file target-v4.cif (mmCIF, C-alpha atoms and all ligand atoms)
data_input
loop_
_atom_site.label_atom_id
_atom_site.label_comp_id
_atom_site.auth_asym_id
_atom_site.auth_seq_id
_atom_site.Cartn_x
_atom_site.Cartn_y
_atom_site.Cartn_z
CA MET N 611 -35.20 29.44 9.67
CA SER N 612 -36.79 29.57 13.14
CA ILE N 613 -34.91 28.94 16.42
CA HIS N 614 -36.82 29.03 19.73
CA GLY N 615 -39.68 30.81 18.00
CA ARG N 616 -37.47 33.55 16.57
CA SER N 617 -37.08 33.62 12.79
CA TYR N 618 -33.61 34.08 11.34
CA ARG N 619 -32.94 34.94 7.73
CA VAL N 620 -30.19 32.75 6.35
CA ILE N 621 -27.69 35.02 4.57
CA THR N 622 -25.69 33.22 1.90
CA LEU N 623 -22.15 34.19 0.92
CA ASN N 624 -23.34 35.66 -2.38
CA GLU N 625 -26.03 37.76 -0.66
CA PHE N 626 -23.48 38.95 1.90
CA ILE N 627 -20.95 39.90 -0.78
CA ILE N 628 -23.58 41.91 -2.67
CA GLU N 629 -24.87 43.57 0.50
CA ARG N 630 -21.29 44.52 1.44
CA GLN N 631 -20.36 45.66 -2.07
CA ALA N 632 -20.09 49.21 -0.80
CA ASP N 633 -17.19 48.14 1.46
CA PHE N 634 -14.90 47.60 -1.52
CA LEU N 635 -13.46 50.93 -2.52
CA HIS N 636 -13.34 51.46 -6.32
CA ALA N 637 -14.49 47.87 -6.92
CA LYS N 638 -17.50 47.59 -9.17
CA GLY N 639 -18.20 43.94 -8.48
CA GLU N 640 -14.81 42.53 -9.49
CA LEU N 641 -13.82 41.47 -5.97
CA SER N 642 -17.33 40.13 -5.45
CA ARG N 643 -16.99 37.94 -8.52
CA LEU N 644 -13.59 36.72 -7.34
CA LEU N 645 -14.97 35.75 -3.94
CA HIS N 646 -17.96 34.03 -5.58
CA HIS N 647 -15.68 31.87 -7.77
CA LEU N 648 -13.49 31.14 -4.76
CA GLY N 649 -16.57 29.83 -2.96
CA VAL N 650 -17.46 27.57 -5.90
CA ALA N 651 -13.96 26.02 -5.93
CA ALA N 652 -14.11 25.53 -2.16
CA LYS N 653 -17.35 23.56 -2.51
CA ILE N 654 -15.82 21.32 -5.19
CA VAL N 655 -12.70 20.67 -3.10
CA ASN N 656 -14.81 20.04 -0.01
CA LYS N 657 -16.80 17.36 -1.84
CA LYS N 658 -13.58 15.58 -2.89
CA ILE N 659 -12.07 15.77 0.60
CA ASN N 660 -15.20 14.29 2.15
CA LYS N 661 -14.73 11.22 -0.05
CA ALA N 662 -10.98 10.98 0.60
CA GLY N 663 -11.56 8.29 3.19
CA LEU N 664 -12.87 6.02 0.46
CA VAL N 665 -9.47 5.50 -1.13
CA ASP N 666 -10.04 1.75 -1.25
CA ILE N 667 -12.96 2.45 -3.56
CA LEU N 668 -11.73 5.62 -5.24
CA GLY N 669 -8.09 4.59 -5.43
CA ARG N 670 -4.90 6.20 -4.16
CA ALA N 671 -3.11 9.06 -5.83
CA GLY N 672 -1.33 7.75 -8.91
CA ASP N 673 -3.84 4.92 -9.39
CA VAL N 674 -6.21 4.78 -12.34
CA ASN N 675 -9.79 4.60 -11.02
CA VAL N 676 -12.74 2.63 -12.33
CA GLN N 677 -13.57 5.48 -14.75
CA GLY N 678 -10.06 5.14 -16.17
CA GLU N 679 -9.06 8.54 -14.69
CA GLU N 680 -5.78 9.00 -12.84
CA VAL N 681 -6.44 9.55 -9.12
CA GLN N 682 -4.86 12.85 -8.13
CA LYS N 683 -3.26 13.85 -4.86
CA LEU N 684 -5.83 16.07 -3.16
CA ASP N 685 -3.52 19.06 -2.99
CA VAL N 686 -2.90 18.79 -6.75
CA PHE N 687 -6.66 18.51 -7.28
CA ALA N 688 -7.34 21.51 -5.03
CA ASN N 689 -4.66 23.56 -6.79
CA GLU N 690 -6.22 22.85 -10.18
CA GLN N 691 -9.75 23.62 -8.98
CA PHE N 692 -8.84 27.03 -7.53
CA ILE N 693 -6.77 27.95 -10.59
CA ALA N 694 -9.65 26.98 -12.92
CA ALA N 695 -12.24 28.89 -10.85
CA LEU N 696 -10.12 32.04 -10.61
CA ARG N 697 -9.28 31.93 -14.31
CA ALA N 698 -13.03 31.65 -15.03
CA SER N 699 -13.74 34.71 -12.86
CA GLY N 700 -12.02 36.95 -15.41
CA GLU N 701 -11.03 39.26 -12.54
CA CYS N 702 -7.67 37.65 -11.70
CA CYS N 703 -4.57 38.01 -13.91
CA GLY N 704 -2.41 35.50 -12.09
CA ILE N 705 -1.89 33.13 -9.16
CA ALA N 706 0.96 32.27 -6.80
CA SER N 707 0.50 28.84 -5.23
CA GLU N 708 2.37 26.77 -2.66
CA GLU N 709 2.07 23.95 -5.20
CA ASP N 710 3.89 25.78 -8.01
CA GLN N 711 7.47 27.08 -8.02
CA THR N 712 6.58 30.04 -10.25
CA ILE N 713 3.49 32.20 -10.74
CA THR N 714 0.66 31.12 -13.07
CA VAL N 715 -0.17 33.98 -15.44
CA PHE N 716 -3.65 34.20 -16.98
CA ASP N 717 -2.60 35.85 -20.21
CA GLU N 718 -5.75 35.42 -22.23
CA GLY N 719 -9.05 37.19 -22.81
CA LEU N 720 -10.70 38.92 -19.91
CA SER N 721 -8.14 37.71 -17.35
CA ARG N 722 -5.34 39.70 -18.92
CA ASP N 723 -7.24 42.85 -17.85
CA GLY N 724 -7.91 41.37 -14.41
CA ARG N 725 -7.14 43.86 -11.67
CA TYR N 726 -6.31 41.31 -8.95
CA VAL N 727 -3.72 38.66 -8.18
CA PHE N 728 -4.33 35.68 -5.91
CA CYS N 729 -1.90 33.90 -3.57
CA MET N 730 -2.83 30.57 -2.01
CA ASP N 731 -1.92 27.42 -0.21
CA PRO N 732 -4.61 25.31 -1.88
CA LEU N 733 -4.60 22.52 0.70
CA ASP N 734 -2.52 23.25 3.75
CA GLY N 735 -1.83 20.29 6.01
CA SER N 736 -2.87 17.81 3.31
CA SER N 737 -0.78 15.06 4.93
CA ASN N 738 -3.37 15.10 7.73
CA ILE N 739 -6.18 13.96 5.44
CA GLU N 740 -5.29 10.28 5.68
CA VAL N 741 -5.76 10.45 9.46
CA ASN N 742 -8.97 12.45 9.12
CA VAL N 743 -7.63 15.67 10.61
CA SER N 744 -9.04 19.00 9.41
CA VAL N 745 -7.13 20.76 6.63
CA GLY N 746 -7.54 24.12 4.95
CA THR N 747 -7.16 26.42 1.97
CA ILE N 748 -5.46 29.76 2.73
CA PHE N 749 -5.76 32.69 0.31
CA SER N 750 -4.73 36.29 -0.12
CA ILE N 751 -5.85 38.83 -2.76
CA TYR N 752 -3.92 41.92 -3.92
CA ARG N 753 -4.66 44.58 -6.47
CA ARG N 754 -2.09 44.15 -9.28
CA ARG N 755 0.64 46.78 -9.56
CA SER N 756 1.53 45.99 -13.18
CA GLU N 757 -0.43 47.60 -16.06
CA PRO N 758 -3.81 45.92 -16.81
CA GLY N 759 -3.73 44.33 -20.25
CA THR N 760 -0.15 43.11 -19.71
CA PRO N 761 0.91 39.75 -18.19
CA ALA N 762 1.03 39.68 -14.39
CA GLN N 763 4.53 40.19 -12.98
CA LEU N 764 6.28 38.59 -10.01
CA GLU N 765 6.29 41.98 -8.27
CA ASP N 766 2.47 41.85 -8.19
CA PHE N 767 2.81 38.94 -5.74
CA LEU N 768 5.64 40.32 -3.59
CA GLN N 769 3.68 43.14 -1.97
CA PRO N 770 3.70 43.61 1.82
CA GLY N 771 0.74 42.04 3.62
CA THR N 772 -0.60 45.51 4.42
CA ALA N 773 -1.55 45.79 0.71
CA GLN N 774 -3.95 42.83 0.82
CA VAL N 775 -7.51 43.72 -0.27
CA ALA N 776 -8.94 40.41 0.95
CA ALA N 777 -7.70 37.28 2.71
CA GLY N 778 -8.99 34.26 4.54
CA TYR N 779 -9.21 30.52 4.70
CA VAL N 780 -11.51 27.57 4.17
CA ILE N 781 -11.41 24.96 6.93
CA TYR N 782 -12.51 21.47 5.87
CA GLY N 783 -13.39 20.12 9.29
CA SER N 784 -16.38 18.73 11.19
CA SER N 785 -18.13 21.39 9.15
CA THR N 786 -16.69 23.34 6.24
CA MET N 787 -16.26 27.05 6.87
CA LEU N 788 -15.08 30.01 4.84
CA VAL N 789 -13.63 32.80 7.01
CA TYR N 790 -12.47 36.00 5.30
CA THR N 791 -11.89 39.71 5.59
CA THR N 792 -11.84 42.56 3.09
CA GLY N 793 -10.47 44.96 5.68
CA ASN N 794 -13.83 45.63 7.32
CA GLY N 795 -13.87 42.95 10.01
CA VAL N 796 -13.97 39.16 9.77
CA ASN N 797 -16.99 37.02 8.89
CA GLY N 798 -17.42 33.25 8.94
CA PHE N 799 -19.68 31.21 6.65
CA THR N 800 -20.60 27.58 7.23
CA LEU N 801 -21.39 25.34 4.27
CA ASP N 802 -24.94 23.98 4.41
CA PRO N 803 -24.64 20.81 2.29
CA SER N 804 -28.44 20.55 2.02
CA ILE N 805 -28.53 23.70 -0.14
CA GLY N 806 -24.86 23.80 -1.26
CA GLU N 807 -24.42 27.34 0.05
CA PHE N 808 -22.00 28.99 2.49
CA CYS N 809 -24.27 30.68 5.06
CA LEU N 810 -23.28 33.46 7.45
CA SER N 811 -22.76 31.71 10.80
CA HIS N 812 -20.09 33.83 12.53
CA PRO N 813 -20.74 37.52 11.82
CA ASP N 814 -18.07 40.06 12.80
CA ILE N 815 -15.66 37.66 14.55
CA LYS N 816 -13.61 39.28 17.32
CA THR N 817 -10.82 37.28 18.95
CA PRO N 818 -10.39 37.55 22.77
CA THR N 819 -7.63 40.02 23.70
CA SER N 820 -6.03 37.27 25.77
CA GLY N 821 -6.44 33.54 26.25
CA ARG N 822 -5.07 30.42 27.87
CA ILE N 823 -4.20 28.26 24.86
CA TYR N 824 -0.70 28.08 23.43
CA SER N 825 -0.06 26.11 20.25
CA LEU N 826 3.34 25.02 18.95
CA ASN N 827 5.17 21.79 18.18
CA GLU N 828 7.03 21.20 21.43
CA GLY N 829 8.89 18.32 19.81
CA ASN N 830 11.25 21.00 18.50
CA HIS N 831 11.86 22.44 21.98
CA VAL N 832 15.61 21.78 22.05
CA HIS N 833 16.07 23.99 18.98
CA PHE N 834 13.79 26.88 20.02
CA PRO N 835 15.31 30.32 20.62
CA GLU N 836 15.82 31.02 24.35
CA GLY N 837 12.98 33.59 24.38
CA VAL N 838 10.51 30.98 23.07
CA LYS N 839 11.64 28.50 25.74
CA ALA N 840 11.17 31.20 28.38
CA TYR N 841 7.68 32.01 27.06
CA ILE N 842 6.71 28.30 27.16
CA ARG N 843 7.90 28.10 30.77
CA HIS N 844 5.70 31.13 31.48
CA CYS N 845 2.69 29.36 29.89
CA GLN N 846 3.37 26.26 31.97
CA LYS N 847 3.46 28.08 35.31
CA ASP N 848 0.32 28.25 37.47
CA ASP N 849 -1.46 31.44 36.46
CA PRO N 850 -2.16 33.46 39.66
CA ALA N 851 -5.61 34.35 38.26
CA THR N 852 -6.67 30.72 37.90
CA GLY N 853 -4.15 28.65 39.86
CA ARG N 854 -3.58 26.62 36.69
CA PRO N 855 -1.13 26.69 33.76
CA TYR N 856 -2.24 27.48 30.20
CA THR N 857 -3.50 24.67 27.98
CA SER N 858 -1.32 23.27 25.19
CA ARG N 859 -3.28 22.50 22.02
CA TYR N 860 -1.55 21.61 18.72
CA ILE N 861 -3.23 19.84 15.79
CA GLY N 862 -0.41 20.32 13.27
CA SER N 863 -2.77 21.94 10.77
CA LEU N 864 -2.28 25.72 10.68
CA VAL N 865 -5.85 26.60 9.71
CA SER N 866 -7.32 24.35 12.43
CA ASP N 867 -4.97 25.58 15.16
CA PHE N 868 -5.49 29.21 14.17
CA HIS N 869 -9.27 28.94 13.83
CA ARG N 870 -9.68 27.40 17.31
CA ASN N 871 -7.53 30.12 18.88
CA LEU N 872 -9.33 32.85 16.90
CA LEU N 873 -12.65 31.85 18.45
CA LYS N 874 -11.44 30.87 21.95
CA GLY N 875 -8.39 33.08 22.43
CA GLY N 876 -4.82 31.82 22.31
CA ILE N 877 -1.49 32.05 20.54
CA PHE N 878 -0.08 29.96 17.68
CA ILE N 879 3.69 29.89 17.30
CA TYR N 880 5.92 28.44 14.61
CA PRO N 881 9.36 29.68 15.68
CA PRO N 882 12.75 29.05 14.12
CA THR N 883 13.73 25.38 14.62
CA GLY N 884 16.75 23.24 13.74
CA ALA N 885 15.04 21.94 10.59
CA ALA N 886 13.57 25.36 9.75
CA PRO N 887 15.96 28.08 10.98
CA LYS N 888 13.73 30.80 9.46
CA GLY N 889 10.52 29.12 10.59
CA LYS N 890 8.50 26.68 8.48
CA LEU N 891 5.49 28.74 7.40
CA ARG N 892 5.42 30.78 4.21
CA LEU N 893 5.07 34.55 4.40
CA VAL N 894 3.14 35.23 1.17
CA TYR N 895 0.35 32.63 1.19
CA GLU N 896 0.19 31.37 4.79
CA CYS N 897 1.33 34.01 7.30
CA ASN N 898 0.11 37.20 5.58
CA PRO N 899 -3.49 36.04 4.98
CA ILE N 900 -3.78 34.57 8.48
CA ALA N 901 -2.23 37.75 9.90
CA PHE N 902 -4.76 39.97 8.04
CA VAL N 903 -7.64 37.95 9.51
CA ALA N 904 -6.07 38.02 12.99
CA GLU N 905 -5.59 41.80 12.99
CA GLN N 906 -9.06 42.43 11.56
CA ALA N 907 -10.47 40.33 14.43
CA GLY N 908 -8.57 42.42 17.00
CA GLY N 909 -5.55 40.13 17.35
CA ARG N 910 -1.87 40.48 16.39
CA ALA N 911 0.59 38.73 14.09
CA SER N 912 4.34 39.04 14.47
CA ASP N 913 7.57 37.48 13.23
CA GLY N 914 8.72 37.69 16.83
CA VAL N 915 10.13 41.19 16.42
CA GLY N 916 7.53 43.23 14.52
CA ARG N 917 4.27 43.27 12.59
CA ILE N 918 4.42 40.54 10.00
CA LEU N 919 2.16 42.41 7.54
CA GLU N 920 4.84 45.08 7.16
CA ARG N 921 7.53 42.69 5.90
CA LYS N 922 8.36 43.14 2.21
CA PRO N 923 8.51 39.66 0.64
CA VAL N 924 11.71 38.97 -1.30
CA ASP N 925 10.87 35.48 -2.54
CA LEU N 926 7.49 33.91 -3.35
CA HIS N 927 8.12 30.95 -1.04
CA GLU N 928 10.11 32.58 1.75
CA ARG N 929 9.58 31.29 5.26
CA VAL N 930 9.27 33.39 8.43
CA PRO N 931 8.85 32.81 12.16
CA PHE N 932 5.16 33.23 13.05
CA PHE N 933 3.46 34.34 16.28
CA VAL N 934 -0.27 34.95 15.83
CA GLY N 935 -3.43 35.19 17.93
CA SER N 936 -4.72 37.14 20.92
CA ARG N 937 -3.27 40.62 21.05
CA ASP N 938 -1.92 40.52 24.61
CA MET N 939 -0.42 37.04 24.22
CA VAL N 940 1.51 37.92 21.05
CA SER N 941 2.79 41.11 22.69
CA GLU N 942 3.85 39.13 25.78
CA ALA N 943 5.66 36.54 23.66
CA GLU N 944 7.52 39.37 21.87
CA ARG N 945 8.65 40.71 25.27
CA PHE N 946 10.01 37.28 26.24
CA LEU N 947 11.85 37.08 22.91
CA ALA N 948 13.35 40.57 23.31
CA ASP N 949 14.50 40.03 26.87
CA PRO N 950 14.32 36.39 28.07
CA PRO N 951 14.17 36.31 31.89
CA PRO N 952 16.87 34.19 33.57
CA ARG N 953 15.89 30.53 33.99
P1 LIG N 1001 5.06 20.55 12.11
C1 LIG N 1001 1.21 21.47 7.74
O1 LIG N 1001 2.19 20.65 7.12
C2 LIG N 1001 1.86 22.80 8.05
O2 LIG N 1001 2.29 23.41 6.89
C3 LIG N 1001 0.89 23.69 8.82
O3 LIG N 1001 -0.44 23.48 8.47
C4 LIG N 1001 1.15 23.30 10.26
O4 LIG N 1001 0.88 24.35 11.18
C5 LIG N 1001 2.65 22.96 10.25
O5 LIG N 1001 2.97 22.58 8.92
C6 LIG N 1001 2.96 21.81 11.17
O6 LIG N 1001 4.36 21.61 11.12
O7 LIG N 1001 6.54 20.76 11.86
O8 LIG N 1001 4.67 20.93 13.51
O9 LIG N 1001 4.55 19.20 11.70
#
call {"tool": "encode", "arguments": {"input": "target-v4.cif", "output": "structure tokens"}}
result
Amino acid sequence: MSIHGRSYRVITLNEFIIERQADFLHAKGELSRLLHHLGVAAKIVNKKINKAGLVDILGRAGDVNVQGEEVQKLDVFANEQFIAALRASGECCGIASEEDQTITVFDEGLSRDGRYVFCMDPLDGSSNIEVNVSVGTIFSIYRRRSEPGTPAQLEDFLQPGTAQVAAGYVIYGSSTMLVYTTGNGVNGFTLDPSIGEFCLSHPDIKTPTSGRIYSLNEGNHVHFPEGVKAYIRHCQKDDPATGRPYTSRYIGSLVSDFHRNLLKGGIFIYPPTGAAPKGKLRLVYECNPIAFVAEQAGGRASDGVGRILERKPVDLHERVPFFVGSRDMVSEAERFLADPPPR
């Protein structure tokens, strides 16, 4: 590819994974194969999402379409595609999914010896699809703790976020991107539909140490803890440096809100609310993977008190308060929570 007379070599996801193989301690290609199969599933899901607007032709979930097949809800479809792809990889012995109450154990053939487990929200924010708002897949990969050759155990999925070996998200937006980390920085790949490949477009992403965007659902303001209210008042004051308040941006799709703030600088907050006294977002397959990416890009991720990656999950679907984004903004929000200034 040539831009302004300079030639650029397009690096595909598979080439990147192979080139970075050395980054994965002790892995002899297993993690690479996992990430490759993840990319395949993401492309299949992306294709289906892009057609979602054609429900009048393709039919609504629960309908039977012209081929006589039952039309699936997209999050059910996404869940099945990622499970099938990861089972096919032979490297994964089980999956925890937002869509399933219990873990899915791959107890056959190669998968039983798989050294990794996979946690995911296969299609986060799926209710936004019908209004054409970006949605995402969020994933997290751990090395299993149980003995290879035996069925995966629940404990394999309840490890602290610090034990993740890889994590990231796919954002199905104006373009489709895969953003992930294996603990050696964060890299973003944009899907080139003309060749059906994820191509390196955002190498070594670093998030600004501070920013001027705050993202939370202010409709819940009445129920926010006092420290969150105080921090919002701080964001809404004229900043001496610019003479203007921060900017409020909230899409209501975690991956979209996080991705914008990752690139531009900002903080995303889902605090305790009346409807969700422990917060709404899930620790295992939403907060921990996003937190791993944030920290690897130079940002921070907190539950309002401490580092979210250090929490030991008790339940697969437990919810936690979530403060994530630019390092200095998360630290400042924690200070407001610890000691809210008088109104
Ligand atoms: P609220 C989408 O349903 C989701 O799980 C996240 O993607 C998003 O950040 C959050 O919920 C939005 O929740 O309560 O503001 O609509």
call {"tool": "residues_near_point", "arguments": {"input": "target-v4.cif", "point": "(-5.6, 44.5, -13.7)", "cutoff": "10 Å", "atoms": "all atoms listed in the file", "output": "list in words"}}
result
Glu701, Cys702, Cys703, Gly704, Leu720, Ser721, Arg722, Asp723, Gly724, Arg725, Tyr726, Val727, Arg753, Arg754, Arg755, Ser756, Glu757, Pro758, Gly759, Thr760, Pro761 and Ala762 of chain N
call {"tool": "write_last_selection", "arguments": {"input": "target-v4.cif", "atoms": "C-alpha atoms", "output": "mmCIF file, in the coordinates of the input"}}
result
data_model
loop_
_atom_site.group_PDB
_atom_site.id
_atom_site.type_symbol
_atom_site.label_atom_id
_atom_site.label_comp_id
_atom_site.auth_asym_id
_atom_site.auth_seq_id
_atom_site.Cartn_x
_atom_site.Cartn_y
_atom_site.Cartn_z
ATOM 1 C CA GLU N 701 -11.030 39.260 -12.540
ATOM 2 C CA CYS N 702 -7.670 37.650 -11.700
ATOM 3 C CA CYS N 703 -4.570 38.010 -13.910
ATOM 4 C CA GLY N 704 -2.410 35.500 -12.090
ATOM 5 C CA LEU N 720 -10.700 38.920 -19.910
ATOM 6 C CA SER N 721 -8.140 37.710 -17.350
ATOM 7 C CA ARG N 722 -5.340 39.700 -18.920
ATOM 8 C CA ASP N 723 -7.240 42.850 -17.850
ATOM 9 C CA GLY N 724 -7.910 41.370 -14.410
ATOM 10 C CA ARG N 725 -7.140 43.860 -11.670
ATOM 11 C CA TYR N 726 -6.310 41.310 -8.950
ATOM 12 C CA VAL N 727 -3.720 38.660 -8.180
ATOM 13 C CA ARG N 753 -4.660 44.580 -6.470
ATOM 14 C CA ARG N 754 -2.090 44.150 -9.280
ATOM 15 C CA ARG N 755 0.640 46.780 -9.560
ATOM 16 C CA SER N 756 1.530 45.990 -13.180
ATOM 17 C CA GLU N 757 -0.430 47.600 -16.060
ATOM 18 C CA PRO N 758 -3.810 45.920 -16.810
ATOM 19 C CA GLY N 759 -3.730 44.330 -20.250
ATOM 20 C CA THR N 760 -0.150 43.110 -19.710
ATOM 21 C CA PRO N 761 0.910 39.750 -18.190
ATOM 22 C CA ALA N 762 1.030 39.680 -14.390
#
call {"tool": "residues_around", "arguments": {"input": "target-v4.cif", "residues": "N:Phe933", "least_positions_apart": "5", "cutoff": "7 Å", "atoms": "all atoms listed in the file", "output": "list in words"}}
result
Ile877, Phe878, Ile879, Tyr880, Ala911, Ser912, Asp913, Gly914 and Val940 of chain N
call {"tool": "residues_near_ligand", "arguments": {"input": "target-v4.cif", "ligand": "ligand LIG 1001 (chain N)", "cutoff": "7 Å", "atoms": "all atoms listed in the file", "output": "PDB file with C-alpha atoms, keeping the file's coordinate frame"}}
result
ATOM      1  CA  ASP N 734      -2.520  23.250   3.750  1.00  0.00           C
ATOM      2  CA  GLY N 735      -1.830  20.290   6.010  1.00  0.00           C
ATOM      3  CA  SER N 736      -2.870  17.810   3.310  1.00  0.00           C
ATOM      4  CA  SER N 737      -0.780  15.060   4.930  1.00  0.00           C
ATOM      5  CA  LEU N 826       3.340  25.020  18.950  1.00  0.00           C
ATOM      6  CA  ASN N 827       5.170  21.790  18.180  1.00  0.00           C
ATOM      7  CA  GLY N 862      -0.410  20.320  13.270  1.00  0.00           C
ATOM      8  CA  SER N 863      -2.770  21.940  10.770  1.00  0.00           C
ATOM      9  CA  LEU N 864      -2.280  25.720  10.680  1.00  0.00           C
ATOM     10  CA  VAL N 865      -5.850  26.600   9.710  1.00  0.00           C
ATOM     11  CA  LYS N 890       8.500  26.680   8.480  1.00  0.00           C
ATOM     12  CA  LEU N 891       5.490  28.740   7.400  1.00  0.00           C
TER      13      LEU N 891
END
call {"tool": "residues_near_point", "arguments": {"input": "target-v4.cif", "point": "(17.0, 31.6, 25.4)", "cutoff": "9 Å", "atoms": "all atoms listed in the file", "output": "list in words"}}
result
Phe834, Pro835, Glu836, Gly837, Val838, Lys839, Ala840, Leu947, Asp949, Pro950, Pro951, Pro952 and Arg953 of chain N
call {"tool": "residues_around", "arguments": {"input": "target-v4.cif", "residues": "N:Ser858", "least_positions_apart": "6", "cutoff": "12 Å", "atoms": "only C-alpha atoms", "output": "NGL selection string"}}
result
:N and (821-828 or 842-843 or 845-846 or 867 or 871 or 876-879)
call {"tool": "atom_distance", "arguments": {"input": "target-v4.cif", "atom1": "atom CA of N:Gly649", "atom2": "atom CA of N:Ile705"}}
result
16.3 Å
call {"tool": "closest_residue", "arguments": {"input": "target-v4.cif", "among": "N:Gly746, N:Gly700, N:Gly829, N:Pro770", "to": "N:Pro923", "atoms": "only C-alpha atoms"}}
result
N:Pro770
call {"tool": "closest_residue", "arguments": {"input": "target-v4.cif", "among": "N:Ser784, N:Gln763, N:Ser936, N:Thr791", "to": "N:Asn742", "atoms": "only C-alpha atoms"}}
result
N:Ser784
call {"tool": "closest_residue", "arguments": {"input": "target-v4.cif", "among": "N:Gly889, N:Pro803, N:Gly771, N:Gly909", "to": "N:Ser785", "atoms": "all atoms listed in the file"}}
result
N:Pro803
call {"tool": "residues_around", "arguments": {"input": "target-v4.cif", "residues": "N:Ser699", "least_positions_apart": "3", "cutoff": "7 Å", "atoms": "all atoms listed in the file", "output": "list in words"}}
result
Arg643, Leu644, His647, Ala695, Leu696 and Cys702 of chain N
call {"tool": "atom_distance", "arguments": {"input": "target-v4.cif", "atom1": "atom CA of N:Arg859", "atom2": "atom CA of N:Lys847"}}
result
15.9 Å
call {"tool": "closest_residue", "arguments": {"input": "target-v4.cif", "among": "N:Ala652, N:Ile805, N:Ala671, N:Val894", "to": "N:Thr747", "atoms": "all atoms listed in the file"}}
result
N:Ala652
call {"tool": "atom_distance", "arguments": {"input": "target-v4.cif", "atom1": "atom CA of N:Ile781", "atom2": "atom CA of N:Val620"}}
result
20.3 Å
call {"tool": "closest_residue", "arguments": {"input": "target-v4.cif", "among": "N:Cys729, N:Gly806, N:Gly783, N:Val655", "to": "N:Arg870", "atoms": "only C-alpha atoms"}}
result
N:Gly783
call {"tool": "residues_around", "arguments": {"input": "target-v4.cif", "residues": "N:Leu872", "least_positions_apart": "6", "cutoff": "8 Å", "atoms": "all atoms listed in the file", "output": "PDB file with C-alpha atoms, in the frame of the given file"}}
result
ATOM      1  CA  LYS N 816     -13.610  39.280  17.320  1.00  0.00           C
ATOM      2  CA  THR N 817     -10.820  37.280  18.950  1.00  0.00           C
ATOM      3  CA  PRO N 818     -10.390  37.550  22.770  1.00  0.00           C
ATOM      4  CA  ALA N 904      -6.070  38.020  12.990  1.00  0.00           C
ATOM      5  CA  ALA N 907     -10.470  40.330  14.430  1.00  0.00           C
ATOM      6  CA  GLY N 935      -3.430  35.190  17.930  1.00  0.00           C
ATOM      7  CA  SER N 936      -4.720  37.140  20.920  1.00  0.00           C
TER       8      SER N 936
END
call {"tool": "closest_residue", "arguments": {"input": "target-v4.cif", "among": "N:Arg945, N:Lys661, N:Lys653, N:His927", "to": "N:Ala706", "atoms": "all atoms listed in the file"}}
result
N:His927
